[in-house]
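Below is start37.txt, which holds compact mmCIF, C-alpha atoms.
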```
# COMPACT_ATOMS: atom_id res chain seq x y z
CA MET E 7 -4.14 -11.64 14.44
CA PRO E 8 -0.86 -9.74 14.40
CA SER E 9 0.07 -7.71 17.50
CA PHE E 10 2.75 -5.51 15.95
CA HIS E 11 1.78 -3.25 13.08
CA PRO E 12 3.47 -0.78 10.73
CA GLN E 13 3.39 2.80 12.01
CA GLU E 14 0.33 4.86 11.12
CA GLU E 15 2.38 7.09 8.82
CA LEU E 16 3.41 4.10 6.74
CA LEU E 17 -0.22 3.08 6.30
CA LEU E 18 -1.01 6.66 5.29
CA SER E 19 1.83 6.75 2.75
CA TYR E 20 0.66 3.40 1.39
CA ALA E 21 -2.88 4.77 1.03
CA THR E 22 -1.76 7.99 -0.66
CA GLY E 23 0.53 6.06 -3.03
CA SER E 24 3.73 7.87 -2.07
CA LEU E 25 5.41 4.80 -0.58
CA ARG E 26 8.10 3.28 -2.79
CA GLU E 27 7.68 -0.29 -3.96
CA PRO E 28 9.91 -2.09 -1.39
CA LEU E 29 8.04 -0.64 1.59
CA ALA E 30 4.72 -0.88 -0.23
CA LEU E 31 5.36 -4.60 -0.73
CA LEU E 32 6.01 -5.08 2.98
CA VAL E 33 2.95 -3.05 4.00
CA ALA E 34 0.65 -4.79 1.49
CA THR E 35 1.86 -8.24 2.60
CA HIS E 36 1.15 -7.26 6.21
CA LEU E 37 -2.32 -6.09 5.13
CA ALA E 38 -3.03 -9.54 3.72
CA LEU E 39 -2.34 -10.93 7.19
CA CYS E 40 -3.93 -8.16 9.27
CA PRO E 41 -7.66 -7.36 8.97
CA SER E 42 -7.43 -4.36 11.30
CA CYS E 43 -4.74 -2.57 9.25
CA ARG E 44 -6.72 -3.46 6.14
CA ARG E 45 -9.69 -1.63 7.57
CA GLU E 46 -7.51 1.31 8.50
CA VAL E 47 -6.16 1.58 4.94
CA GLU E 48 -9.73 1.46 3.62
CA ARG E 49 -10.55 4.42 5.87
CA LEU E 50 -7.53 6.36 4.67
CA GLU E 51 -8.47 5.63 1.07
CA ALA E 52 -11.93 7.00 1.80
CA VAL E 53 -10.22 10.29 2.72
CA GLY E 54 -8.47 10.18 -0.66
CA GLY E 55 -11.82 9.60 -2.37
CA THR E 56 -13.31 12.61 -0.61
CA LEU E 57 -10.37 14.85 -1.48
CA ILE E 58 -10.39 13.83 -5.15
CA ASP E 59 -14.10 14.52 -5.32
CA GLU E 60 -13.68 18.11 -4.20
CA LEU E 61 -10.83 18.91 -6.58
CA GLU E 62 -11.50 21.64 -9.12
CA PRO E 63 -12.24 19.62 -12.31
CA VAL E 64 -9.95 20.13 -15.32
CA ALA E 65 -11.74 20.09 -18.69
CA ILE E 66 -11.51 16.93 -20.75
CA ASP E 67 -11.63 16.96 -24.54
CA ASP E 68 -15.02 15.67 -25.86
CA ARG E 69 -13.18 13.30 -28.15
CA THR E 70 -11.67 11.52 -25.16
CA LEU E 71 -15.07 10.22 -24.09
CA ALA E 72 -16.13 9.40 -27.66
CA ASP E 73 -12.89 7.54 -28.22
CA LEU E 74 -13.29 5.64 -24.96
CA LEU E 75 -16.89 4.66 -25.70
CA ALA E 76 -15.70 3.28 -29.03
CA ARG E 77 -13.05 1.21 -27.26
CA LEU E 78 -15.65 -0.29 -24.92
CA GLN E 79 -16.97 -2.31 -27.84
CA ASP E 80 -13.72 -4.14 -28.16
CA PRO E 81 -14.48 -7.44 -26.46
CA ALA E 82 -10.78 -7.93 -25.74
CA VAL E 83 -10.85 -5.21 -23.11
CA ASP E 84 -13.79 -6.60 -21.21
CA ARG E 85 -12.23 -9.15 -18.91
CA PRO E 86 -9.07 -8.84 -16.85
CA ALA E 87 -6.74 -11.81 -17.10
CA VAL E 88 -7.07 -14.24 -14.22
CA PRO E 89 -3.70 -14.91 -12.60
CA ARG E 90 -2.83 -18.57 -12.82
CA ALA E 91 -2.80 -20.52 -9.59
CA ARG E 92 0.41 -21.99 -8.23
CA SER E 93 0.54 -25.19 -6.34
CA GLU E 94 3.74 -25.41 -4.30
CA ALA E 95 2.99 -25.88 -0.61
CA VAL E 96 5.20 -23.27 1.11
CA GLU E 97 4.63 -20.63 -1.50
CA GLN E 98 0.91 -21.22 -1.32
CA ARG E 99 0.90 -20.21 2.32
CA LEU E 100 2.59 -16.93 1.51
CA PRO E 101 0.07 -14.24 0.75
CA ARG E 102 -0.08 -12.13 -2.33
CA PRO E 103 1.33 -9.69 -3.23
CA LEU E 104 4.58 -11.25 -1.95
CA ARG E 105 3.89 -14.50 -3.81
CA ASP E 106 3.89 -12.57 -7.09
CA TYR E 107 7.50 -11.57 -6.45
CA LEU E 108 8.60 -15.18 -6.09
CA ALA E 109 8.04 -16.38 -9.64
CA ASP E 110 10.36 -19.37 -9.18
CA GLY E 111 9.27 -20.11 -5.65
CA LEU E 112 11.37 -19.69 -2.52
CA ASP E 113 13.91 -22.20 -3.76
CA GLY E 114 14.45 -20.20 -6.91
CA LEU E 115 15.74 -17.20 -4.93
CA PRO E 116 19.47 -16.36 -4.92
CA TRP E 117 20.02 -17.38 -1.28
CA LYS E 118 23.30 -16.47 0.37
CA SER E 119 24.33 -17.98 3.68
CA MET E 120 25.80 -16.10 6.61
CA GLY E 121 26.12 -18.90 9.15
CA ALA E 122 22.65 -19.93 10.26
CA ILE E 123 21.06 -17.04 8.38
CA LYS E 124 20.18 -17.12 4.74
CA ARG E 125 19.30 -14.02 2.81
CA ALA E 126 18.08 -13.46 -0.71
CA GLU E 127 17.73 -10.05 -2.22
CA LEU E 128 14.48 -9.05 -3.92
CA LEU E 129 13.62 -5.87 -5.77
CA LYS E 130 17.05 -4.63 -6.71
CA GLY E 131 17.22 -1.29 -8.38
CA PHE E 132 15.70 0.86 -5.63
CA PRO E 133 18.60 3.02 -4.47
CA GLY E 134 18.39 3.62 -0.75
CA PHE E 135 16.39 0.44 -0.12
CA LYS E 136 17.42 -3.12 0.57
CA THR E 137 14.79 -5.81 0.39
CA HIS E 138 15.55 -9.34 1.53
CA MET E 139 13.83 -12.60 2.22
CA MET E 140 15.49 -14.01 5.32
CA ARG E 141 15.53 -17.50 6.70
CA ILE E 142 16.89 -17.86 10.22
CA LYS E 143 17.55 -21.35 11.51
CA ALA E 144 15.40 -22.35 14.48
CA GLY E 145 16.86 -21.19 17.80
CA THR E 146 19.59 -19.06 16.21
CA ALA E 147 20.54 -15.55 17.24
CA MET E 148 21.28 -12.91 14.66
CA PRO E 149 24.54 -11.01 15.20
CA TRP E 150 24.18 -7.74 17.13
CA HIS E 151 23.55 -4.93 14.71
CA THR E 152 22.23 -1.42 14.29
CA HIS E 153 20.88 0.36 11.24
CA GLU E 154 21.69 3.61 9.59
CA GLY E 155 18.07 3.88 8.57
CA GLN E 156 14.90 2.13 9.55
CA GLU E 157 14.50 -1.62 9.28
CA LEU E 158 11.10 -3.25 8.99
CA THR E 159 10.82 -7.00 9.35
CA LEU E 160 7.62 -8.85 8.56
CA VAL E 161 7.43 -12.38 9.93
CA LEU E 162 5.95 -14.86 7.46
CA ASP E 163 6.60 -18.17 9.16
CA GLY E 164 7.95 -19.18 12.58
CA GLY E 165 8.80 -16.33 14.93
CA PHE E 166 11.56 -14.50 16.79
CA THR E 167 12.16 -12.71 20.03
CA ASP E 168 13.82 -9.33 20.23
CA GLY E 169 14.30 -8.15 23.81
CA GLU E 170 10.89 -8.34 25.45
CA ARG E 171 8.95 -8.70 22.25
CA HIS E 172 7.92 -11.86 20.53
CA TYR E 173 7.03 -11.61 16.87
CA VAL E 174 5.05 -14.21 14.94
CA ALA E 175 3.55 -14.51 11.46
CA GLY E 176 2.00 -11.23 10.34
CA ASP E 177 3.87 -9.09 12.88
CA VAL E 178 6.04 -6.19 11.77
CA ALA E 179 9.11 -5.36 13.84
CA THR E 180 10.38 -1.81 13.41
CA ALA E 181 13.99 -1.02 14.34
CA ASP E 182 15.43 2.46 13.99
CA PRO E 183 19.04 3.69 14.20
CA THR E 184 18.90 4.12 17.98
CA VAL E 185 18.67 0.39 18.72
CA SER E 186 21.37 -2.20 18.59
CA HIS E 187 19.55 -5.48 18.75
CA ARG E 188 19.97 -9.21 18.56
CA PRO E 189 16.83 -11.03 17.45
CA VAL E 190 16.65 -14.74 18.29
CA ALA E 191 14.60 -17.15 16.15
CA ASP E 192 12.14 -19.36 18.00
CA PRO E 193 13.24 -22.91 18.64
CA GLY E 194 11.43 -25.64 16.74
CA GLU E 195 11.01 -24.08 13.32
CA ASP E 196 12.94 -21.83 10.99
CA CYS E 197 11.85 -18.24 10.82
CA LEU E 198 11.00 -16.80 7.41
CA CYS E 199 10.84 -13.01 7.12
CA LEU E 200 10.67 -10.20 4.63
CA ALA E 201 12.97 -7.34 5.67
CA VAL E 202 13.22 -3.88 4.17
CA THR E 203 15.81 -1.32 5.23
CA ASP E 204 16.07 2.18 3.92
CA ALA E 205 19.85 2.23 4.60
CA PRO E 206 22.46 -0.50 5.10
CA LEU E 207 22.66 -2.24 8.45
CA ARG E 208 25.92 -2.34 10.39
CA LEU E 209 27.10 -5.15 12.59
CA THR E 210 28.19 -3.89 16.01
CA GLY E 211 29.74 -6.86 17.84
CA PRO E 212 33.55 -7.37 17.64
CA LEU E 213 33.19 -10.08 15.01
CA GLY E 214 30.48 -8.07 13.32
CA ARG E 215 32.73 -5.06 12.86
CA HIS E 216 35.13 -7.36 11.05
CA LEU E 217 32.33 -8.83 8.90
CA ASN E 218 31.00 -5.41 7.84
CA ARG E 219 33.78 -5.25 5.30
CA PHE E 220 32.50 -8.38 3.60
CA ILE E 221 28.76 -8.27 3.69
CA ARG E 222 27.90 -5.04 1.89
CA ILE E 223 24.26 -5.93 2.29
CA MET M 23 -22.15 2.85 -10.74
CA ALA M 24 -24.51 -0.09 -10.12
CA ASP M 25 -25.95 0.31 -13.64
CA VAL M 26 -22.47 0.15 -15.05
CA ALA M 27 -21.62 -3.00 -13.09
CA GLU M 28 -24.85 -4.92 -13.49
CA ARG M 29 -26.27 -3.82 -16.80
CA ARG M 30 -23.08 -2.61 -18.52
CA ASP M 31 -25.05 0.54 -19.18
CA ARG M 32 -23.07 2.83 -21.45
CA SER M 33 -24.99 6.03 -20.81
CA SER M 34 -24.52 5.60 -17.03
CA PHE M 35 -20.86 5.05 -17.74
CA ALA M 36 -20.74 8.26 -19.79
CA ARG M 37 -22.20 10.16 -16.81
CA LEU M 38 -19.66 8.57 -14.49
CA PHE M 39 -16.96 9.66 -16.93
CA GLU M 40 -18.23 13.22 -17.02
CA HIS M 41 -18.06 13.47 -13.26
CA PHE M 42 -14.85 11.62 -12.56
CA ALA M 43 -12.54 12.00 -15.58
CA PRO M 44 -12.01 15.78 -15.07
CA ARG M 45 -11.26 15.14 -11.38
CA ILE M 46 -8.86 12.31 -12.11
CA LYS M 47 -7.14 14.60 -14.60
CA ALA M 48 -6.93 17.34 -11.94
CA TYR M 49 -5.52 14.80 -9.45
CA LEU M 50 -2.85 13.65 -11.91
CA ILE M 51 -1.88 17.23 -12.76
CA ARG M 52 -1.54 18.01 -9.05
CA LEU M 53 0.86 15.09 -8.89
CA GLY M 54 3.03 16.70 -11.55
CA THR M 55 1.72 14.92 -14.64
CA HIS M 56 1.77 16.82 -17.94
CA PRO M 57 -1.84 17.75 -18.90
CA ALA M 58 -1.80 15.68 -22.12
CA ALA M 59 -0.47 12.63 -20.29
CA ALA M 60 -3.00 13.25 -17.50
CA GLU M 61 -5.82 13.21 -20.06
CA ASP M 62 -4.63 9.89 -21.53
CA LEU M 63 -4.22 8.38 -18.12
CA ALA M 64 -7.66 9.61 -16.97
CA GLN M 65 -9.13 7.84 -20.00
CA ASP M 66 -7.18 4.75 -19.12
CA VAL M 67 -8.43 4.86 -15.52
CA MET M 68 -12.03 5.12 -16.71
CA LEU M 69 -11.50 2.14 -19.01
CA THR M 70 -10.34 0.17 -15.97
CA VAL M 71 -13.45 1.34 -14.11
CA TRP M 72 -15.58 -0.09 -16.92
CA ARG M 73 -13.67 -3.36 -17.04
CA ARG M 74 -13.66 -3.92 -13.30
CA ALA M 75 -17.05 -2.45 -12.46
CA GLU M 76 -18.34 -5.79 -11.25
CA GLN M 77 -15.56 -5.95 -8.68
CA PHE M 78 -16.78 -2.71 -7.12
CA ASP M 79 -18.09 -3.45 -3.62
CA ARG M 80 -20.34 -0.68 -2.48
CA SER M 81 -20.49 -1.96 1.08
CA LYS M 82 -16.78 -1.19 1.27
CA ALA M 83 -16.20 2.05 -0.56
CA SER M 84 -17.91 4.92 -2.30
CA PRO M 85 -17.39 5.15 -6.07
CA SER M 86 -15.02 8.11 -5.57
CA THR M 87 -12.87 6.10 -3.14
CA TRP M 88 -12.74 3.13 -5.47
CA ILE M 89 -11.90 5.31 -8.46
CA PHE M 90 -9.26 7.15 -6.40
CA THR M 91 -7.49 3.83 -5.70
CA ILE M 92 -7.54 2.91 -9.40
CA ALA M 93 -6.14 6.31 -10.42
CA ARG M 94 -3.46 6.13 -7.70
CA ASN M 95 -2.36 2.66 -8.79
CA ARG M 96 -2.35 3.40 -12.52
CA ARG M 97 -0.20 6.46 -11.92
CA ILE M 98 2.32 4.36 -9.98
CA ASP M 99 2.34 1.70 -12.73
CA VAL M 100 2.56 4.01 -15.69
CA LEU M 101 4.34 7.14 -14.54
CA ARG M 102 6.54 5.89 -11.75
CA ARG M 103 7.10 2.58 -13.58
CA GLU M 104 6.78 0.60 -10.40
CA ARG M 105 4.49 -2.22 -9.51
CA ARG M 106 1.85 -1.40 -6.96
CA PRO M 107 1.71 -4.24 -4.45
CA GLU M 108 -1.92 -4.84 -3.48
CA ILE M 109 -3.74 -7.54 -1.58
CA ASP M 110 -5.90 -10.00 -3.48
CA PRO M 111 -9.30 -10.30 -1.74
CA ASP M 112 -9.71 -13.84 -3.14
CA ASP M 113 -6.30 -15.05 -1.99
CA PRO M 114 -6.73 -18.21 0.12
CA ALA M 115 -3.72 -17.07 2.19
CA LEU M 116 -5.51 -13.83 3.17
CA VAL M 117 -6.22 -13.73 6.93
CA ARG M 118 -9.88 -12.90 7.38
CA GLU M 119 -11.73 -10.98 10.06
CA PRO M 120 -12.59 -13.36 12.95
CA ASP M 121 -16.16 -11.99 13.21
CA PRO M 122 -17.00 -10.48 9.87
CA PRO M 123 -19.40 -7.56 10.32
CA VAL M 124 -23.00 -8.48 9.50
CA ASP M 125 -23.86 -7.41 6.00
CA GLU M 126 -26.15 -4.50 6.32
CA GLU M 127 -27.52 -2.12 3.80
CA VAL M 128 -25.34 0.97 3.93
CA ASP M 129 -26.02 4.38 2.56
CA ALA M 130 -22.78 5.04 0.72
CA ALA M 131 -23.82 8.51 -0.33
CA LYS M 132 -24.59 9.51 3.26
CA ARG M 133 -21.28 8.20 4.56
CA HIS M 134 -19.46 10.03 1.82
CA ARG M 135 -21.28 13.28 2.71
CA ARG M 136 -20.34 12.95 6.38
CA LEU M 137 -16.71 12.58 5.51
CA ARG M 138 -16.82 15.59 3.22
CA GLU M 139 -18.35 17.66 5.99
CA ALA M 140 -15.71 16.49 8.41
CA VAL M 141 -12.95 17.54 5.98
CA THR M 142 -14.37 21.08 5.82
CA THR M 143 -14.18 21.41 9.62
CA LEU M 144 -10.43 20.75 9.67
CA PRO M 145 -8.18 23.72 10.52
CA ARG M 146 -6.65 25.04 7.36
CA GLU M 147 -3.08 23.98 8.07
CA GLN M 148 -4.21 20.41 8.72
CA ALA M 149 -6.41 20.23 5.62
CA ASP M 150 -3.61 21.68 3.46
CA LEU M 151 -1.14 19.13 4.73
CA LEU M 152 -3.58 16.29 4.15
CA ARG M 153 -4.03 17.40 0.53
CA VAL M 154 -0.28 17.58 0.04
CA ALA M 155 0.04 14.07 1.48
CA PHE M 156 -2.50 12.74 -1.03
CA PHE M 157 -1.73 14.91 -4.03
CA GLU M 158 2.04 15.21 -4.04
CA ASP M 159 4.24 12.22 -4.37
CA GLN M 160 6.45 13.05 -1.41
CA SER M 161 7.64 11.45 1.77
CA HIS M 162 6.69 13.15 5.01
CA SER M 163 10.27 14.32 5.46
CA LYS M 164 10.24 15.96 2.00
CA ILE M 165 6.94 17.66 2.87
CA ALA M 166 8.49 18.94 6.10
CA GLU M 167 11.46 20.34 4.17
CA ARG M 168 9.24 22.13 1.70
CA PHE M 169 7.01 23.71 4.31
CA GLY M 170 9.99 24.58 6.49
CA LEU M 171 8.42 22.62 9.33
CA PRO M 172 10.03 20.11 11.64
CA LEU M 173 9.20 16.52 10.61
CA GLY M 174 7.52 15.98 13.99
CA THR M 175 5.11 18.86 13.28
CA VAL M 176 4.15 17.42 9.89
CA LYS M 177 3.52 14.02 11.44
CA SER M 178 1.52 15.40 14.35
CA ARG M 179 -0.61 17.65 12.10
CA LEU M 180 -1.43 14.69 9.88
CA ARG M 181 -2.22 12.59 12.93
CA LEU M 182 -4.46 15.35 14.33
CA ALA M 183 -6.25 15.71 11.01
CA LEU M 184 -6.94 11.99 10.82
CA ALA M 185 -8.04 11.92 14.46
CA LYS M 186 -10.59 14.65 13.68
CA LEU M 187 -11.90 12.69 10.71
CA ARG M 188 -12.03 9.45 12.65
CA PRO M 189 -15.64 9.70 13.90
CA ALA M 190 -16.84 10.19 10.31
CA LEU M 191 -14.48 7.46 9.10
CA GLU M 192 -15.61 4.97 11.65
CA GLU M 193 -19.16 5.42 10.55
CA LEU M 194 -17.90 4.00 7.30
CA GLU M 195 -17.87 0.59 8.94
```
Translate this file's structure into structure tokens.
Amino acid sequence: MPSFHPQEELLLSYATGSLREPLALLVATHLALCPSCRREVERLEAVGGTLIDELEPVAIDDRTLADLLARLQDPAVDRPAVPRARSEAVEQRLPRPLRDYLADGLDGLPWKSMGAIKRAELLKGFPGFKTHMMRIKAGTAMPWHTHEGQELTLVLDGGFTDGERHYVAGDVATADPTVSHRPVADPGEDCLCLAVTDAPLRLTGPLGRHLNRFIRI
Amino acid sequence: MADVAERRDRSSFARLFEHFAPRIKAYLIRLGTHPAAAEDLAQDVMLTVWRRAEQFDRSKASPSTWIFTIARNRRIDVLRRERRPEIDPDDPALVREPDPPVDEEVDAAKRHRRLREAVTTLPREQADLLRVAFFEDQSHSKIAERFGLPLGTVKSRLRLALAKLRPALEELE
């Protein structure tokens, strides 16, 4: 069971539907790995159900129901399509919904190397968000960095230590602009993560300041 | 709802429609949808309810909660043109509860009533904020801006509201 969870307000925004897709993907993937947050989201959705039930109804045209009842006879609408199963080993261990975003598997992603760290961008086209799959070589430290916005990192495989905290599969690490940190991947196995920032990160070490010009991540 | 799922009963479905479709339409209009588009989408949501009725798990949610989640997700798909990432309950990679709660007969209607009562006991400013959180597609910082409140106040009011509902929510287990 994960020990580090997304903040309550993120679960609420996921339940209300106001969370944008990059963060919703991270939250939903955590939910697949975390029964207790899953229960919490079910509770929050129950609040939504109650609120929708007490809304003042807005009249619906009679023809809308008649039209819908006629469509129910169409056998084509009766069964939802069953998603086809995939068989690759690593991908199979990754939960949905993340797996659905990796149509060509992990190897099919546009990985870019920065030393011992590989990153591949997912979900382009959400201004203000950066979504990456990250693979950090076992035992490697990330460069020191801070963020202009918030960074959420969900561990999928392996683990890392950041200060006093040790994160493993299912855990969500939350870093805000006040921290400059230097996560270190566990020795023994590579660490695979999904990271979402709502503003670009900035490297803060002497070498990092130099690299900022190049990464534009 | 059970008649719709088990017997594909069309007159039960029509009753479900008459209760929920006008509320789904109201929900979508609150979220800024044009009334004509809200009507089409409400119809679409009810079609999904029909198609997926057998997936409805009444030990988990009341019909209104389940229908709320369908309406929320369809709106994101169709109007915001984004995918809605959701878990798949049948995914082998899903981490399950270590001690799944014993299946017991639950009175969904009673649970639902308790929660409704709890919502009416909320102080007005908390209830209003909760509605805005559910019915307006805005981040908490945008909500704060609009109400002229500090972000911290918005967050703490929402937290307080949810804390007050918690006893009723936990009886949902």
- Query: Taking into account only C-alpha atoms, which residue in the set M:Val176, M:Met23, M:Ala83, M:Val71 is nearest to Ser161 in chain M?
  - Reply: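 So, comparing all the options, the nearest one is M:Val176.
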- Task: Pick out the closest residue to chain M from this set: E:Thr180, E:Thr146, E:Thr159, E:Gln79. Count only C-alpha atoms.
- Result: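 For chain M, the nearest of the candidates is E:Gln79.
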- For Thr35 in chain E, please output as a VMD selection string all residues within 8 Å (counting only C-alpha atoms; exclusion window: fewer than 2 positions along the same chain). (chain E and resid 31 to 33 37 to 39 101 to 104) or (chain M and resid 108 to 109)
Since we have the selection now, will you write its residues out, keeping C-alpha atoms, as a CSV table (one decimal), in the frame of the given file?
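Dumped to result17.csv:
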```csv
chain,number,residue,atom,x,y,z
E,31,LEU,CA,5.4,-4.6,-0.7
E,32,LEU,CA,6.0,-5.1,3.0
E,33,VAL,CA,3.0,-3.0,4.0
E,37,LEU,CA,-2.3,-6.1,5.1
E,38,ALA,CA,-3.0,-9.5,3.7
E,39,LEU,CA,-2.3,-10.9,7.2
E,101,PRO,CA,0.1,-14.2,0.8
E,102,ARG,CA,-0.1,-12.1,-2.3
E,103,PRO,CA,1.3,-9.7,-3.2
E,104,LEU,CA,4.6,-11.2,-2.0
M,108,GLU,CA,-1.9,-4.8,-3.5
M,109,ILE,CA,-3.7,-7.5,-1.6
```
Spatial sel., origin (-21.2, -5.5, -20.2), limit 9 Å, only C-alpha atoms, listed as a short mmCIF file (atom, residue, chain, number, x, y, z; two decimals) with C-alpha atoms, in the frame of the given file:
```
data_model
loop_
_atom_site.label_atom_id
_atom_site.label_comp_id
_atom_site.auth_asym_id
_atom_site.auth_seq_id
_atom_site.Cartn_x
_atom_site.Cartn_y
_atom_site.Cartn_z
CA LEU E 78 -15.65 -0.29 -24.92
CA ASP E 84 -13.79 -6.60 -21.21
CA VAL M 26 -22.47 0.15 -15.05
CA ALA M 27 -21.62 -3.00 -13.09
CA GLU M 28 -24.85 -4.92 -13.49
CA ARG M 29 -26.27 -3.82 -16.80
CA ARG M 30 -23.08 -2.61 -18.52
CA ASP M 31 -25.05 0.54 -19.18
CA ARG M 32 -23.07 2.83 -21.45
CA TRP M 72 -15.58 -0.09 -16.92
CA ARG M 73 -13.67 -3.36 -17.04
#
```
- Atomic separation - CA of Arg97 in chain M relative to CA of Val67 in chain M, Å: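 Going from CA of Val67 in chain M over to CA of Arg97 in chain M covers 9.1 Å.
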Size and centre in Å, one decimal, axis-aligned box, all listed range 144-161 of chain M atoms plus 3 Å per side, as JSON:
```
{"center_x": -1.4, "center_y": 18.2, "center_z": 3.1, "size_x": 24.1, "size_y": 19.6, "size_z": 20.9}
```
- Task: Rank nothing, just name the residue among M:Arg80, M:Arg106, M:Pro85, M:Glu61 nearest to Tyr107 in chain E, using all atoms listed in the file.
- Result: M:Arg106
- Query: Can you tell me how far CA of Asn95 in chain M sits from CA of Gly23 in chain E, in Å to one decimal?
  - Reply: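 Rounded to one decimal, the two atoms are 7.3 Å apart.
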- Could you state the separation of CA of Val174 in chain E and CA of Cys43 in chain E in Å, given to one decimal place?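 A separation of 16.2 Å between them.
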- Closest to chain E among M:Arg146, M:His56, M:Lys132, M:Arg153, using only C-alpha atoms?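 Between M:Arg146, M:His56, M:Lys132, M:Arg153, the residue approaching chain E most closely is M:Arg153.
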- Task: Compare E:His153, E:Thr184, E:Ala21, E:Ala34 by their minimum atom-to-atom distance to Val47 in chain E, counting all atoms listed in the file, and give me the closest one.
- Result: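 Using all atoms listed in the file, the shortest distance to Val47 in chain E belongs to E:Ala21.
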- Task: Quick one: everything within 6 Å of Pro189 in chain E, counting all atoms listed in the file, minus sequence neighbours fewer than 3 positions away in the same chain. Send it as a list of chain:residue names.
- Result: E:Ala147, E:Met148, E:Thr167, E:Asp168
- Message: Using all atoms listed in the file and a cutoff of 7 Å, can you tell me which residues are near (15.1, -0.1, 11.8) in the file's coordinates, and write them out as a VMD selection string?
- Response: chain E and resid 153 155 to 158 180 to 183 203
Determine, counting all atoms listed in the file, which protein, DNA and RNA residues have an atom within 8 Å of an atom of range 122-139 of chain E; residues of the same chain fewer than 5 positions away are not included. Present the result as an mmCIF file with C-alpha atoms, in the frame of the given file.
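Written file, selection15.cif:
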```cif
data_model
loop_
_atom_site.group_PDB
_atom_site.id
_atom_site.type_symbol
_atom_site.label_atom_id
_atom_site.label_comp_id
_atom_site.auth_asym_id
_atom_site.auth_seq_id
_atom_site.Cartn_x
_atom_site.Cartn_y
_atom_site.Cartn_z
ATOM 1 C CA PRO E 28 9.910 -2.090 -1.390
ATOM 2 C CA TYR E 107 7.500 -11.570 -6.450
ATOM 3 C CA LEU E 115 15.740 -17.200 -4.930
ATOM 4 C CA PRO E 116 19.470 -16.360 -4.920
ATOM 5 C CA TRP E 117 20.020 -17.380 -1.280
ATOM 6 C CA THR E 146 19.590 -19.060 16.210
ATOM 7 C CA MET E 148 21.280 -12.910 14.660
ATOM 8 C CA LEU E 198 11.000 -16.800 7.410
ATOM 9 C CA CYS E 199 10.840 -13.010 7.120
ATOM 10 C CA LEU E 200 10.670 -10.200 4.630
ATOM 11 C CA ALA E 201 12.970 -7.340 5.670
ATOM 12 C CA VAL E 202 13.220 -3.880 4.170
ATOM 13 C CA THR E 203 15.810 -1.320 5.230
ATOM 14 C CA ASP E 204 16.070 2.180 3.920
ATOM 15 C CA ALA E 205 19.850 2.230 4.600
ATOM 16 C CA PRO E 206 22.460 -0.500 5.100
ATOM 17 C CA ILE E 223 24.260 -5.930 2.290
#
```
- When distances are computed from only C-alpha atoms, which of M:Pro107, M:His134, M:His162, M:Pro120 shows the smallest separation from Leu191 in chain M?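 Among the listed residues, M:His134 lies closest to Leu191 in chain M.
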Would you write out, as CSV, a table of all residues in range 53-169 of chain M that have an atom no more than 10 Å from an atom of range 186-189 of chain M, listing for each the closest atom pair and the distance in Å to one decimal, considering all atoms listed in the file and ordering rows by chain and rising residue number?
```
residue,atom,partner,partner_atom,distance
M:Arg136,CA,M:Pro189,CA,9.4
M:Leu137,CA,M:Leu187,CA,7.1
M:Arg138,CA,M:Leu187,CA,9.4
M:Glu139,CA,M:Leu187,CA,9.4
M:Ala140,CA,M:Leu187,CA,5.9
M:Val141,CA,M:Leu187,CA,6.9
M:Thr143,CA,M:Lys186,CA,8.7
M:Leu144,CA,M:Lys186,CA,7.3
M:Pro145,CA,M:Lys186,CA,9.9
M:Gln148,CA,M:Lys186,CA,9.9
```
